[in-house]
Amino acid sequence: MTLSEKIKEIKLLMQYAAPEEHLKKLTDLVERYETDLIALNVFHNFYSYLPEAENDGIKIIRQLKNRQGAFLLCATTNIDDYLYVSTSEEAIFLGPLKEGINDREVLDYFGFTDNKNFIEKYRDLAEFPVHIPIALNAGLCPICAVASGENHTLGCPVEICPWCGGQLTNCACKFTKSGRKEISRESHIDSFEEKLEKKGRIPFNPGKDLPGFNKLNTKVTSNE
Ligand SMILES: [Zn+2]
Ligand SMILES: [Zn+2]
């Protein structure tokens, strides 16, 4: 599904799911995230399976945590606050914020010791930032959405090759290092990934890997 198809489907779902009197405002919010699959997947999930099975709408999406391109988000609606884990592939509904996270794996993944600790930390939601579309957030890889210092998702075109310093998806190292003319099978990819890990992958560094952003930042600071 393309971005525009996804937005079209969300708007169609909203015709039935959102309260009519707020439809315009709720639709404006969806449009503000028109380039951001992470948020669009939350809207799509929410308007497909309204958590309380009554008309409702998302008024604000906050970002609580992110790790390796997975985002822990909180959607505030007219009725309650709801937790989602979202990636560029899909959003998963976790439940109301006040009940916290009952899935041990999710707690571990985002580095929470336990659910009590989680609920305590997010008692005052207003302290936490509104989710910014990935493309506008210079601290995240614009393609695979990992944060500064994290390894890219394998196959991300922004990742730098540790052998030649070129673009890992484009350079010839995957052939020379694995001694293959073609990388087509899953097992080829796994064995190349192993070699890559051994060599040491180059984590995302926004200033260095994205010279465009860097220039922009210098410009902004030199005006001060
Ligand atoms: Zn990336
Ligand atoms: Zn290379």
# chains A, B, ... in the order shown; residues from 1 in each chain; ligands from 1

$ residues_near_ligand --ligand "ligand 1" --cutoff "6 Å" --atoms "only C-alpha atoms and all ligand atoms" --output "VMD selection string"
chain A and resid 141 143 to 144 152 to 153 156 158 to 159

$ residues_near_ligand --ligand "ligand 2" --cutoff "9 Å" --atoms "only C-alpha atoms and all ligand atoms" --output "ChimeraX atom specification"
/A:160-174,176

$ select_by_dssp --residues "region 13-148 of chain A" --states "alpha helix (DSSP H)" --output "PyMOL selection string"
chain A and resi 13-17+23-32+37-48+104-109+115-121

$ residues_around --residues "region 65-72 of chain A" --least-positions-apart "5" --cutoff "8 Å" --atoms "only C-alpha atoms" --output "mmCIF file with N, CA and C atoms, in the first residue's frame"
data_model
loop_
_atom_site.group_PDB
_atom_site.id
_atom_site.type_symbol
_atom_site.label_atom_id
_atom_site.label_comp_id
_atom_site.auth_asym_id
_atom_site.auth_seq_id
_atom_site.Cartn_x
_atom_site.Cartn_y
_atom_site.Cartn_z
ATOM 1 N N ILE A 38 4.949 5.582 10.436
ATOM 2 C CA ILE A 38 4.874 5.216 11.851
ATOM 3 C C ILE A 38 3.548 5.719 12.452
ATOM 4 N N LEU A 83 -1.766 3.074 24.215
ATOM 5 C CA LEU A 83 -0.384 2.770 23.838
ATOM 6 C C LEU A 83 -0.329 1.919 22.572
ATOM 7 N N TYR A 84 0.628 2.261 21.726
ATOM 8 C CA TYR A 84 0.893 1.482 20.510
ATOM 9 C C TYR A 84 2.395 1.301 20.348
ATOM 10 N N VAL A 85 2.802 0.164 19.778
ATOM 11 C CA VAL A 85 4.156 0.030 19.251
ATOM 12 C C VAL A 85 4.010 0.081 17.745
ATOM 13 N N SER A 86 4.759 0.997 17.115
ATOM 14 C CA SER A 86 4.606 1.143 15.674
ATOM 15 C C SER A 86 5.951 1.106 14.959
ATOM 16 N N THR A 87 5.963 0.445 13.808
ATOM 17 C CA THR A 87 7.124 0.453 12.916
ATOM 18 C C THR A 87 6.603 0.883 11.543
ATOM 19 N N SER A 88 7.486 0.935 10.568
ATOM 20 C CA SER A 88 7.010 1.307 9.230
ATOM 21 C C SER A 88 6.161 0.193 8.630
ATOM 22 N N PHE A 110 12.079 -1.983 25.417
ATOM 23 C CA PHE A 110 12.253 -0.541 25.574
ATOM 24 C C PHE A 110 12.975 -0.165 26.867
ATOM 25 N N CYS A 144 15.287 4.325 7.607
ATOM 26 C CA CYS A 144 14.888 3.187 8.446
ATOM 27 C C CYS A 144 14.513 3.609 9.871
ATOM 28 N N ALA A 145 14.637 4.922 10.170
ATOM 29 C CA ALA A 145 14.129 5.506 11.424
ATOM 30 C C ALA A 145 14.878 5.078 12.687
ATOM 31 N N VAL A 146 16.100 4.521 12.551
ATOM 32 C CA VAL A 146 16.860 4.255 13.770
ATOM 33 C C VAL A 146 17.425 5.575 14.291
ATOM 34 N N ALA A 147 17.768 5.606 15.583
ATOM 35 C CA ALA A 147 18.281 6.827 16.197
ATOM 36 C C ALA A 147 19.794 6.891 16.064
ATOM 37 N N GLU A 150 22.574 3.999 16.711
ATOM 38 C CA GLU A 150 22.041 2.643 16.492
ATOM 39 C C GLU A 150 22.454 2.145 15.100
ATOM 40 N N ASN A 151 22.533 0.823 14.946
ATOM 41 C CA ASN A 151 22.788 0.254 13.624
ATOM 42 C C ASN A 151 21.538 0.368 12.768
ATOM 43 N N HIS A 152 21.750 0.653 11.477
ATOM 44 C CA HIS A 152 20.627 0.710 10.543
ATOM 45 C C HIS A 152 20.001 -0.675 10.391
ATOM 46 N N THR A 153 18.762 -0.696 9.927
ATOM 47 C CA THR A 153 18.143 -1.948 9.501
ATOM 48 C C THR A 153 18.910 -2.394 8.260
#

$ residues_around --residues "Asp103 (chain A)" --least-positions-apart "4" --cutoff "10 Å" --atoms "only C-alpha atoms" --output "PDB file with N, CA and C atoms, in the first residue's frame"
ATOM      1  N   LEU A  94      -1.437  -1.823  22.395  1.00  0.00           N
ATOM      2  CA  LEU A  94      -1.024  -2.429  23.664  1.00  0.00           C
ATOM      3  C   LEU A  94      -2.078  -2.302  24.748  1.00  0.00           C
ATOM      4  N   LEU A 107       8.277  -4.527  27.514  1.00  0.00           N
ATOM      5  CA  LEU A 107       8.944  -3.800  28.605  1.00  0.00           C
ATOM      6  C   LEU A 107      10.461  -3.926  28.467  1.00  0.00           C
ATOM      7  N   ASP A 108      10.928  -5.159  28.266  1.00  0.00           N
ATOM      8  CA  ASP A 108      12.370  -5.410  28.126  1.00  0.00           C
ATOM      9  C   ASP A 108      12.947  -4.673  26.920  1.00  0.00           C
ATOM     10  N   ASP A 114       9.910  -2.768  35.122  1.00  0.00           N
ATOM     11  CA  ASP A 114       8.615  -3.451  35.279  1.00  0.00           C
ATOM     12  C   ASP A 114       7.486  -2.485  34.975  1.00  0.00           C
ATOM     13  N   ASN A 115       6.273  -3.000  35.009  1.00  0.00           N
ATOM     14  CA  ASN A 115       5.122  -2.194  34.619  1.00  0.00           C
ATOM     15  C   ASN A 115       4.858  -1.038  35.591  1.00  0.00           C
TER      16      ASN A 115
END

$ select_by_dssp --residues "region 47-163 of chain A" --states "strand (DSSP E or B)" --output "number ranges by chain"
A: 58-67, 70-77, 81-86, 91-96, 130, 140, 147, 160

$ closest_residue --among "A:Pro133, A:Phe175, A:Tyr49, A:Phe204" --to "Ser191 (chain A)" --atoms "only C-alpha atoms"
A:Phe175

$ closest_residue --among "A:Leu73, A:Leu40, A:Ile61, A:Leu140" --to "Ile10 (chain A)" --atoms "only C-alpha atoms"
A:Leu40

$ residues_around --residues "His188 (chain A)" --least-positions-apart "5" --cutoff "12 Å" --atoms "only C-alpha atoms" --output "ChimeraX atom specification"
/A:174-175,177-183,193-195

$ write_last_selection --atoms "N, CA and C atoms" --output "compact mmCIF listing (two decimals), in the first residue's frame"
# COMPACT_ATOMS: atom_id res chain seq x y z
N LYS A 174 29.88 -6.58 -0.64
CA LYS A 174 29.07 -7.76 -0.30
C LYS A 174 29.43 -8.95 -1.19
N PHE A 175 29.92 -8.65 -2.42
CA PHE A 175 30.35 -9.73 -3.31
C PHE A 175 31.79 -10.15 -3.01
N LYS A 177 33.57 -9.71 -0.30
CA LYS A 177 33.76 -10.27 1.04
C LYS A 177 33.12 -11.65 1.20
N SER A 178 32.08 -11.92 0.45
CA SER A 178 31.44 -13.24 0.59
C SER A 178 31.88 -14.18 -0.53
N GLY A 179 32.64 -13.67 -1.52
CA GLY A 179 33.11 -14.51 -2.62
C GLY A 179 31.98 -15.02 -3.50
N ARG A 180 30.88 -14.25 -3.57
CA ARG A 180 29.75 -14.66 -4.39
C ARG A 180 29.49 -13.64 -5.48
N LYS A 181 28.95 -14.12 -6.60
CA LYS A 181 28.63 -13.19 -7.69
C LYS A 181 27.23 -12.60 -7.48
N GLU A 182 26.49 -13.29 -6.65
CA GLU A 182 25.10 -12.92 -6.50
C GLU A 182 24.68 -13.13 -5.04
N ILE A 183 23.95 -12.17 -4.50
CA ILE A 183 23.42 -12.36 -3.14
C ILE A 183 21.92 -12.45 -3.32
N GLU A 193 25.77 -10.77 6.69
CA GLU A 193 25.49 -9.99 7.91
C GLU A 193 26.47 -10.39 9.02
N GLU A 194 26.77 -11.68 9.08
CA GLU A 194 27.71 -12.18 10.08
C GLU A 194 29.09 -11.56 9.88
N LYS A 195 29.55 -11.55 8.63
CA LYS A 195 30.84 -10.94 8.30
C LYS A 195 30.85 -9.46 8.66

$ atom_distance --atom1 "CA of Glu9 (chain A)" --atom2 "CA of Phe43 (chain A)"
10.2 Å

$ residues_around --residues "region 53-59 of chain A" --least-positions-apart "2" --cutoff "6 Å" --atoms "only C-alpha atoms" --output "short mmCIF file (atom, residue, chain, number, x, y, z; two decimals) with C-alpha atoms, in the first residue's frame"
data_model
loop_
_atom_site.label_atom_id
_atom_site.label_comp_id
_atom_site.auth_asym_id
_atom_site.auth_seq_id
_atom_site.Cartn_x
_atom_site.Cartn_y
_atom_site.Cartn_z
CA ALA A 17 -15.36 5.69 13.29
CA ALA A 18 -14.79 9.35 14.13
CA PRO A 19 -17.40 11.63 15.74
CA LEU A 50 -11.82 1.49 18.01
CA PRO A 51 -10.56 0.43 21.50
CA THR A 76 -4.68 10.65 23.19
CA THR A 77 -8.32 10.51 22.12
#

$ atom_distance --atom1 "CA of Thr2 (chain A)" --atom2 "CA of Pro203 (chain A)"
28.5 Å

$ residues_around --residues "Lys8 (chain A)" --least-positions-apart "2" --cutoff "12 Å" --atoms "only C-alpha atoms" --output "PyMOL selection string"
chain A and resi 1-6+10-15+27+30-31+34+40+43-44

$ write_last_selection --atoms "C-alpha atoms" --output "PDB file, in the first residue's frame"
ATOM      1  CA  MET A   1       0.000   0.000   0.000  1.00  0.00           C
ATOM      2  CA  THR A   2       1.410   3.441  -0.909  1.00  0.00           C
ATOM      3  CA  LEU A   3       1.255   6.387   1.489  1.00  0.00           C
ATOM      4  CA  SER A   4      -1.607   8.010  -0.401  1.00  0.00           C
ATOM      5  CA  GLU A   5      -3.577   4.759  -0.514  1.00  0.00           C
ATOM      6  CA  LYS A   6      -3.074   4.377   3.225  1.00  0.00           C
ATOM      7  CA  ILE A  10      -7.773   5.927   6.965  1.00  0.00           C
ATOM      8  CA  LYS A  11     -10.108   8.728   5.839  1.00  0.00           C
ATOM      9  CA  LEU A  12     -12.663   6.174   4.695  1.00  0.00           C
ATOM     10  CA  LEU A  13     -12.502   4.365   8.050  1.00  0.00           C
ATOM     11  CA  MET A  14     -12.891   7.724   9.811  1.00  0.00           C
ATOM     12  CA  GLN A  15     -16.203   8.363   8.059  1.00  0.00           C
ATOM     13  CA  THR A  27      -8.542  14.648   9.564  1.00  0.00           C
ATOM     14  CA  VAL A  30      -3.833  12.689   9.919  1.00  0.00           C
ATOM     15  CA  GLU A  31      -2.753  14.995   7.076  1.00  0.00           C
ATOM     16  CA  GLU A  34       1.016  12.275   5.552  1.00  0.00           C
ATOM     17  CA  LEU A  40      -0.240   6.485   9.797  1.00  0.00           C
ATOM     18  CA  PHE A  43      -4.261   5.923  12.824  1.00  0.00           C
ATOM     19  CA  HIS A  44      -5.072   2.928  10.636  1.00  0.00           C
TER      20      HIS A  44
END

$ atom_distance --atom1 "CA of Phe46 (chain A)" --atom2 "CA of Cys74 (chain A)"
11.5 Å
